[in-house]
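Okay, structure first, notes after.
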Amino acid sequence: MDRYGHLCVGIDPHTYLLEKWNLPVSAVGAHEFGLRIIEKLENRVGIVKPQVAFYERFGASGFKVLEDVFEAARAAGLIVIADVKRGDVGSTLEAYSEAWLTPGMPLEADAMTINPYQGFDTFRPPLEMTEKYHKGLFVLAATSNPESASVQTARRVRGSQEGRTVAGGIAARAARWNREHSDGRTKGSVGVVIGATVDLEMLDIDVDDLATEPDTPILAPGFGHQGANFADVRRIFGKSADNVIVTSSRAMVEDGHDGLDRAIDTQLATLETAFA
Ligand SMILES: O=c1ccn([C@@H]2O[C@H](COP(=O)(O)O)[C@@H](O)[C@H]2O)c(=O)[nH]1
C-alpha cells in the first residue's frame, strides 16, 4: 500500500455504462472501456479490480479481451485483483488458481477473490500457489450487499457454546493463516473482503486481530454507489484502516471518460485527508 496507495478502481463494464461511454455492448466495447480506464489511472492509481462477470457474459471473446485488459494493466504498472469469487472442492479450486494466479497463464492476475462457502480448508491449493508465486487471495468474509447478513451473521455452534459468526470466523482464519506463514512480512498474502457498508460489531469482526502483524489486508467494496463514503474509511475500519484497499467501480466512471479524471482527483484527495 505504501507503493500503490489505497484506491482501487473497479472495471465493471455494465451495459448502461458502455452506453454512457458511447461504446458497443459487446466484448469490443468492454475491451475499450477497460483500456480507457487503465490509461487514465497510470501513475495516479495503483490498483484495479476487473469484475470478470462483465467479460464472461460475452463468452470466449469476452475472456480474450479480458486477457488484453490484464496485460494493459500490468504494462501500466497496476496491481490486478481479479474479482472472480471462485470456490469449490480443493481439487477444482486448484484449477481455478492455476487459471488466475499462475505466472504465464493467459488470465494471470496478482490476486483473486475467493468464496469460502465450501470451507476454508478447501483453500490449500490456492494458498500454496499464493506463497509460491507471491500472489494474493481475498476471501469473502462480510460482503457489502445487505442480503449477506442472513448467512454471514449466523453463529457457529461449538458443543453447547455459541461460536463466532460465519464472517468473524472466516476473518479470524485468514488472520491466523497470515500469522502462521508470516515469513517476516508486515502484511499477509491472504486478505479478506469486508464491505464498507457492513456493521462490523454485529458481524463480530475483530479489526484489532486483522491489524496484528502480519496485517491482514482488507478489500473493501461498497464505496460510492452502494452508499459508503470514502471519507469514512478510518471511522469504519478503525485500527485496520491502514490495511484497506478502497475499491469503487460505478461511482468512478458514471460521468464518462472525462468524469473519471475528476473522480480520481476527488477520491485521491479525500483518501489523502482520511489517511493523514
Ligand atoms: O462484497 C462485495 C464483494 C464484491 N463486490 C464487487 O465490487 C464491485 C462494486 O461495484 P460498485 O459499482 O462500486 O458498487 C462489483 O464488481 C461487485 O461485484 C461488491 O460489491 N461487494
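Ligands are numbered from 1 in the order shown, chains are lettered A, B, ... in the order of the C-alpha cells, and residues start at 1 in each chain.
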| Residues at most 8 Å from ligand 1, using only C-alpha atoms and all ligand atoms? Could they come as a list in words? | Gly10, Ile11, Asp12, Lys49, Pro50, Gln51, Asp83, Leu140, Ala142, Thr143, Ser144, Asn145, Val193, Ile194, Gly195, Ala220, Pro221, Gly222, Phe223, Gly224, His225, Gln226, Thr247, Ser248, Ser249, Arg250, Ala251 and Met252 of chain A
Determine, counting only C-alpha atoms, which protein, DNA and RNA residues have an atom within 8 Å of an atom of Gly87 of chain A; residues of the same chain fewer than 3 positions away are not included. Present the result as a PyMOL selection string.
chain A and resi 93+114-118
Take the residues that were just selected and, keeping C-alpha atoms, output them as a PDB file, in the first residue's frame.
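Everything below was put into part-v4.pdb:
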```pdb
ATOM      1  CA  LEU A  93     -10.141 -24.822  -6.761  1.00  0.00           C
ATOM      2  CA  ILE A 114     -12.334 -16.452  -3.384  1.00  0.00           C
ATOM      3  CA  ASN A 115     -15.524 -17.799  -1.826  1.00  0.00           C
ATOM      4  CA  PRO A 116     -15.219 -19.791   1.421  1.00  0.00           C
ATOM      5  CA  TYR A 117     -18.680 -21.344   1.378  1.00  0.00           C
ATOM      6  CA  GLN A 118     -17.183 -24.826   0.901  1.00  0.00           C
TER       7      GLN A 118
END
```
If you count only C-alpha atoms, which residues fall within 12 Å of Arg3 of chain A, apart from same-chain ones fewer than 5 positions away, as a PDB file with C-alpha atoms, in the first residue's frame?
```
ATOM      1  CA  ASN A  43       0.833   6.972 -12.432  1.00  0.00           C
ATOM      2  CA  ARG A  44      -2.143   8.069 -10.314  1.00  0.00           C
ATOM      3  CA  VAL A  45      -3.933   4.981  -9.023  1.00  0.00           C
ATOM      4  CA  GLY A  46      -2.106   1.738  -8.302  1.00  0.00           C
ATOM      5  CA  ILE A  47      -4.770  -0.967  -8.183  1.00  0.00           C
ATOM      6  CA  GLY A  77       2.333  -0.972 -13.525  1.00  0.00           C
ATOM      7  CA  LEU A  78      -1.004  -1.621 -11.842  1.00  0.00           C
ATOM      8  CA  ILE A  79      -1.833  -4.377  -9.377  1.00  0.00           C
TER       9      ILE A  79
END
```
* List every residue of segment 32-272 of chain A that DSSP, applied to the backbone of this structure, assigns to strand (DSSP E), and report them as number ranges by chain. => A: 47-50, 79-86, 111-114, 136-142, 155-158, 161-165, 190-194, 218-220, 244-248
Any chance you can output those residues with C-alpha atoms as a PDB file, in the first residue's frame?
```
ATOM      1  CA  ILE A  47      -4.770  -0.967  -8.183  1.00  0.00           C
ATOM      2  CA  VAL A  48      -7.543  -2.191 -10.479  1.00  0.00           C
ATOM      3  CA  LYS A  49     -10.244  -4.758  -9.900  1.00  0.00           C
ATOM      4  CA  PRO A  50     -11.771  -6.025 -13.120  1.00  0.00           C
ATOM      5  CA  ILE A  79      -1.833  -4.377  -9.377  1.00  0.00           C
ATOM      6  CA  VAL A  80      -4.633  -6.506 -10.812  1.00  0.00           C
ATOM      7  CA  ILE A  81      -7.201  -8.064  -8.493  1.00  0.00           C
ATOM      8  CA  ALA A  82      -9.368 -10.461 -10.490  1.00  0.00           C
ATOM      9  CA  ASP A  83     -12.820 -10.321  -8.930  1.00  0.00           C
ATOM     10  CA  VAL A  84     -13.842 -13.874  -9.766  1.00  0.00           C
ATOM     11  CA  LYS A  85     -15.203 -15.116  -6.411  1.00  0.00           C
ATOM     12  CA  ARG A  86     -14.329 -18.724  -7.111  1.00  0.00           C
ATOM     13  CA  ALA A 111      -4.709 -11.602  -6.655  1.00  0.00           C
ATOM     14  CA  MET A 112      -8.120 -13.199  -6.904  1.00  0.00           C
ATOM     15  CA  THR A 113     -11.265 -13.122  -4.803  1.00  0.00           C
ATOM     16  CA  ILE A 114     -12.334 -16.452  -3.384  1.00  0.00           C
ATOM     17  CA  GLY A 136      -2.715 -12.679  -3.055  1.00  0.00           C
ATOM     18  CA  LEU A 137      -6.122 -14.027  -2.149  1.00  0.00           C
ATOM     19  CA  PHE A 138      -9.098 -12.038  -0.919  1.00  0.00           C
ATOM     20  CA  VAL A 139     -11.527 -14.278   0.931  1.00  0.00           C
ATOM     21  CA  LEU A 140     -15.159 -13.171   1.120  1.00  0.00           C
ATOM     22  CA  ALA A 141     -15.869 -12.569   4.809  1.00  0.00           C
ATOM     23  CA  ALA A 142     -18.513  -9.841   5.140  1.00  0.00           C
ATOM     24  CA  ARG A 155     -23.227 -18.061  14.608  1.00  0.00           C
ATOM     25  CA  ARG A 156     -21.495 -21.379  14.607  1.00  0.00           C
ATOM     26  CA  VAL A 157     -22.138 -23.835  17.394  1.00  0.00           C
ATOM     27  CA  ARG A 158     -19.195 -25.324  19.292  1.00  0.00           C
ATOM     28  CA  GLN A 161     -21.443 -22.939  23.162  1.00  0.00           C
ATOM     29  CA  GLU A 162     -22.311 -20.318  20.615  1.00  0.00           C
ATOM     30  CA  GLY A 163     -19.243 -19.681  18.482  1.00  0.00           C
ATOM     31  CA  ARG A 164     -18.204 -16.896  16.161  1.00  0.00           C
ATOM     32  CA  THR A 165     -20.263 -15.534  13.316  1.00  0.00           C
ATOM     33  CA  VAL A 190      -4.393 -13.622   2.444  1.00  0.00           C
ATOM     34  CA  GLY A 191      -6.783 -10.713   2.630  1.00  0.00           C
ATOM     35  CA  VAL A 192     -10.467 -10.541   3.391  1.00  0.00           C
ATOM     36  CA  VAL A 193     -13.339  -8.870   1.601  1.00  0.00           C
ATOM     37  CA  ILE A 194     -15.240  -6.717   4.059  1.00  0.00           C
ATOM     38  CA  ILE A 218      -8.923  -5.796   3.533  1.00  0.00           C
ATOM     39  CA  LEU A 219     -10.528  -5.348   0.147  1.00  0.00           C
ATOM     40  CA  ALA A 220     -13.457  -3.050   0.847  1.00  0.00           C
ATOM     41  CA  VAL A 244      -7.797  -1.227   3.499  1.00  0.00           C
ATOM     42  CA  ILE A 245      -7.975  -1.188  -0.273  1.00  0.00           C
ATOM     43  CA  VAL A 246     -10.829   1.180  -1.000  1.00  0.00           C
ATOM     44  CA  THR A 247     -12.492  -0.105  -4.130  1.00  0.00           C
ATOM     45  CA  SER A 248     -15.178   1.556  -6.186  1.00  0.00           C
TER      46      SER A 248
END
```
Give me, as a list in words, all polymer residues having an atom no more than 10 Å from Val65 of chain A, counting only C-alpha atoms and skipping those fewer than 4 positions away in the same chain.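 Near Val65 of chain A, the qualifying residues are Ala27, Val28, Gly29, Ala30, His31, Glu32, Gly34, Leu35, Tyr55, Glu56, Phe58, Ala60, Ser61, Val69, Phe70 and Glu71 of chain A.
Taking atom CA of Asp215 of chain A as the reference point, atom CA of Lys187 of chain A is found at 4.5 Å.
One finds atom CA of Ala274 of chain A at 24.6 Å from atom CA of Ile38 of chain A.
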Within 7 Å of Ile205 of chain A, counting only C-alpha atoms, which residues qualify if same-chain residues fewer than 6 places away don't, as a list of chain:residue names?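 Answer for this query is A:Ala167, A:Gly168, A:Ala171.
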With C-alpha atoms retained, could you export that selection as a CSV table (one decimal), in the first residue's frame?
```csv
chain,number,residue,atom,x,y,z
A,167,ALA,CA,-17.9,-13.7,8.8
A,168,GLY,CA,-15.9,-13.3,12.1
A,171,ALA,CA,-11.7,-13.3,9.0
```
Quiz item: Where does DSSP see helix (DSSP H, G or I) in segment 48-180 of chain A, if you list the residues as a PyMOL selection string?
Solution: chain A and resi 53-56+60-75+90-101+116-118+120-133+146-152+166-180
- Message: Report as a ChimeraX atom specification all protein, DNA and RNA residues lying within 9 Å of Thr15 of chain A, evaluated on only C-alpha atoms, omitting residues in the same chain fewer than 6 positions from it.
- Response: /A:24-26,54
